[in-house]
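Below is one structure, written out as structure tokens; comments come after it.
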Amino acid sequence: MPSFEAHFTPAVEVGWRLARGAWGNGYATEAGRAVLDFGFERAGLEEIVSFTSVANQRSRAVMERLGMARDPHDDFDHPDIPDSDPLCRHVLYRRNVEP
């Protein structure tokens, strides 16, 4: 769960942080799929979100491979990052339980 308040919280978040040497091996996608499956099938969640800075194209690609969708109206300035920091602006991706 995000530790800050935003227009989409409270929410359950899936995220990843890998050592640079592990990038490009599909680990984030594989783990993300497992977490989404668990969240929807076992935990009974209705929605799971993920977010990253606008510039983080690798994480955004993982979110898209996981079937998560972005609505630009959901983008936000991360409250824990100063406005002057280029990483302040974030994109929000969502995935809802499939019927």
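Ordered as shown in the structure tokens, chains take letters A, B, and onward, while each chain numbers its residues from 1 and ligands are numbered from 1 in the order shown.
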For this session: as a ChimeraX atom specification, list the residues of stretch 46-77 of chain A assigned to helix (DSSP H, G or I) by DSSP on the backbone atoms of this structure.
Result: /A:57-65,72-74
Those same residues - C-alpha atoms - I'd like them written as a compact mmCIF listing (two decimals), in the first residue's frame.
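Output saved as out_24.txt:
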# COMPACT_ATOMS: atom_id res chain seq x y z
CA GLN A 57 10.11 3.52 -19.49
CA ARG A 58 11.26 0.06 -18.35
CA SER A 59 8.79 -0.09 -15.46
CA ARG A 60 6.04 1.35 -17.63
CA ALA A 61 6.68 -1.42 -20.16
CA VAL A 62 6.37 -4.03 -17.40
CA MET A 63 3.06 -2.51 -16.29
CA GLU A 64 1.77 -2.69 -19.84
CA ARG A 65 2.93 -6.32 -20.24
CA PRO A 72 -3.33 10.36 -18.17
CA HIS A 73 -5.90 12.04 -15.90
CA ASP A 74 -4.59 9.81 -13.08
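Of the listed residues A:Leu66, A:Ala55, A:Asp75, A:Thr9, the one whose atoms come nearest to A:Leu87 is A:Ala55, with distances taken using only C-alpha atoms.
Using only C-alpha atoms, the smallest distance between any of A:Phe38, A:Arg94, A:Phe51, A:Trp16 and A:His78 comes from A:Phe51.
You can rank A:Glu13, A:Asn56, A:Gly21, A:His7 by their closest distance to A:Val35 using only C-alpha atoms, and at the top of that list sits A:Glu13.
With only C-alpha atoms as the atoms that count, the minimum distance from A:Asp37 to the choices A:Ala19, A:Val54, A:Cys88, A:Val14 is reached by A:Val14.
In this comparison, which uses only C-alpha atoms, the residue of A:Gly26, A:Pro86, A:Gly32, A:Pro79 approaching A:Val49 most closely is A:Gly32.
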Seminar exercise, completed: Min atom-atom distance to A:Ala28 from the set A:Leu45, A:Phe8, A:Gly15, A:Met68, counting only C-alpha atoms, belongs to A:Gly15
For this session: Write out as a list in words all residues of chain A that DSSP puts in strand (DSSP E or B) for this structure's backbone.
Result: Glu13, Glu47, Ile48, Val49, Ser50, Phe51, Thr52, Ser53, Ala69, Arg70, Phe76, Asp77, Arg89, His90, Val91, Leu92, Tyr93, Arg94, Arg95 and Asn96 of chain A
Problem set entry | Non-local contacts of A:Glu98 (12 Å; only C-alpha atoms; under 3 positions in same chain excluded) as an NGL selection string | :A and (36-37 or 39-41 or 44-48 or 67-68 or 95)
Dump of all heavy atoms for the selected residues, as a compact mmCIF listing (two decimals), in the first residue's frame:
# COMPACT_ATOMS: atom_id res chain seq x y z
N LEU A 36 -0.25 -10.35 -9.21
CA LEU A 36 -1.60 -10.03 -9.68
C LEU A 36 -2.52 -11.24 -9.55
O LEU A 36 -3.66 -11.11 -9.09
CB LEU A 36 -1.56 -9.53 -11.12
CG LEU A 36 -0.92 -8.16 -11.35
CD1 LEU A 36 -0.81 -7.86 -12.84
CD2 LEU A 36 -1.70 -7.07 -10.65
N ASP A 37 -2.03 -12.40 -9.95
CA ASP A 37 -2.84 -13.62 -9.81
C ASP A 37 -3.23 -13.84 -8.36
O ASP A 37 -4.40 -14.12 -8.06
CB ASP A 37 -2.07 -14.84 -10.34
CG ASP A 37 -1.95 -14.86 -11.85
OD1 ASP A 37 -2.66 -14.09 -12.54
OD2 ASP A 37 -1.13 -15.66 -12.35
N GLY A 39 -3.32 -11.63 -5.90
CA GLY A 39 -4.18 -10.55 -5.44
C GLY A 39 -5.63 -10.71 -5.88
O GLY A 39 -6.56 -10.51 -5.08
N PHE A 40 -5.83 -11.09 -7.13
CA PHE A 40 -7.19 -11.22 -7.64
C PHE A 40 -7.82 -12.55 -7.27
O PHE A 40 -8.98 -12.61 -6.85
CB PHE A 40 -7.22 -11.03 -9.15
CG PHE A 40 -6.87 -9.63 -9.59
CD1 PHE A 40 -5.96 -9.41 -10.60
CD2 PHE A 40 -7.45 -8.52 -8.98
CE1 PHE A 40 -5.63 -8.12 -11.02
CE2 PHE A 40 -7.14 -7.22 -9.38
CZ PHE A 40 -6.22 -7.03 -10.40
N GLU A 41 -7.07 -13.63 -7.40
CA GLU A 41 -7.65 -14.96 -7.20
C GLU A 41 -7.71 -15.39 -5.74
O GLU A 41 -8.68 -16.00 -5.31
CB GLU A 41 -6.88 -15.99 -8.02
CG GLU A 41 -7.01 -15.75 -9.52
CD GLU A 41 -6.10 -16.64 -10.35
OE1 GLU A 41 -5.59 -17.66 -9.82
OE2 GLU A 41 -5.90 -16.32 -11.53
N GLY A 44 -8.80 -11.77 -3.30
CA GLY A 44 -10.09 -11.20 -3.64
C GLY A 44 -10.10 -9.71 -3.88
O GLY A 44 -11.13 -9.06 -3.72
N LEU A 45 -8.97 -9.16 -4.29
CA LEU A 45 -8.91 -7.73 -4.57
C LEU A 45 -9.68 -7.38 -5.84
O LEU A 45 -9.75 -8.18 -6.77
CB LEU A 45 -7.44 -7.28 -4.72
CG LEU A 45 -6.56 -7.48 -3.50
CD1 LEU A 45 -5.11 -7.15 -3.84
CD2 LEU A 45 -7.05 -6.63 -2.33
N GLU A 46 -10.22 -6.18 -5.87
CA GLU A 46 -10.94 -5.70 -7.05
C GLU A 46 -10.02 -4.93 -7.99
O GLU A 46 -10.26 -4.89 -9.19
CB GLU A 46 -12.09 -4.78 -6.62
CG GLU A 46 -13.17 -5.49 -5.82
CD GLU A 46 -13.96 -6.47 -6.67
OE1 GLU A 46 -14.25 -6.15 -7.83
OE2 GLU A 46 -14.28 -7.56 -6.16
N GLU A 47 -8.98 -4.29 -7.42
CA GLU A 47 -8.07 -3.46 -8.22
C GLU A 47 -6.68 -3.48 -7.60
O GLU A 47 -6.53 -3.54 -6.39
CB GLU A 47 -8.58 -2.02 -8.29
CG GLU A 47 -7.68 -1.09 -9.08
CD GLU A 47 -8.17 0.33 -9.14
OE1 GLU A 47 -8.08 1.02 -8.09
OE2 GLU A 47 -8.64 0.73 -10.21
N ILE A 48 -5.67 -3.43 -8.47
CA ILE A 48 -4.27 -3.29 -8.06
C ILE A 48 -3.67 -2.19 -8.91
O ILE A 48 -3.93 -2.11 -10.11
CB ILE A 48 -3.51 -4.62 -8.24
CG1 ILE A 48 -4.13 -5.71 -7.35
CG2 ILE A 48 -2.02 -4.44 -7.90
CD1 ILE A 48 -3.55 -7.10 -7.55
N GLY A 67 -0.81 -6.07 -18.38
CA GLY A 67 -2.20 -5.76 -18.70
C GLY A 67 -2.76 -4.59 -17.91
O GLY A 67 -3.97 -4.40 -17.85
N MET A 68 -1.87 -3.80 -17.33
CA MET A 68 -2.31 -2.63 -16.59
C MET A 68 -2.52 -1.48 -17.56
O MET A 68 -1.87 -1.41 -18.61
CB MET A 68 -1.29 -2.26 -15.51
CG MET A 68 -1.03 -3.41 -14.55
SD MET A 68 0.04 -2.98 -13.18
CE MET A 68 -1.22 -2.50 -11.99
N ARG A 95 -5.10 -2.08 -12.80
CA ARG A 95 -5.68 -3.30 -13.37
C ARG A 95 -6.79 -3.73 -12.43
O ARG A 95 -6.61 -3.79 -11.22
CB ARG A 95 -4.65 -4.39 -13.52
CG ARG A 95 -5.28 -5.66 -14.07
CD ARG A 95 -4.39 -6.44 -14.97
NE ARG A 95 -4.98 -7.75 -15.16
CZ ARG A 95 -4.31 -8.85 -15.30
NH1 ARG A 95 -2.99 -8.83 -15.28
NH2 ARG A 95 -4.92 -9.98 -15.48
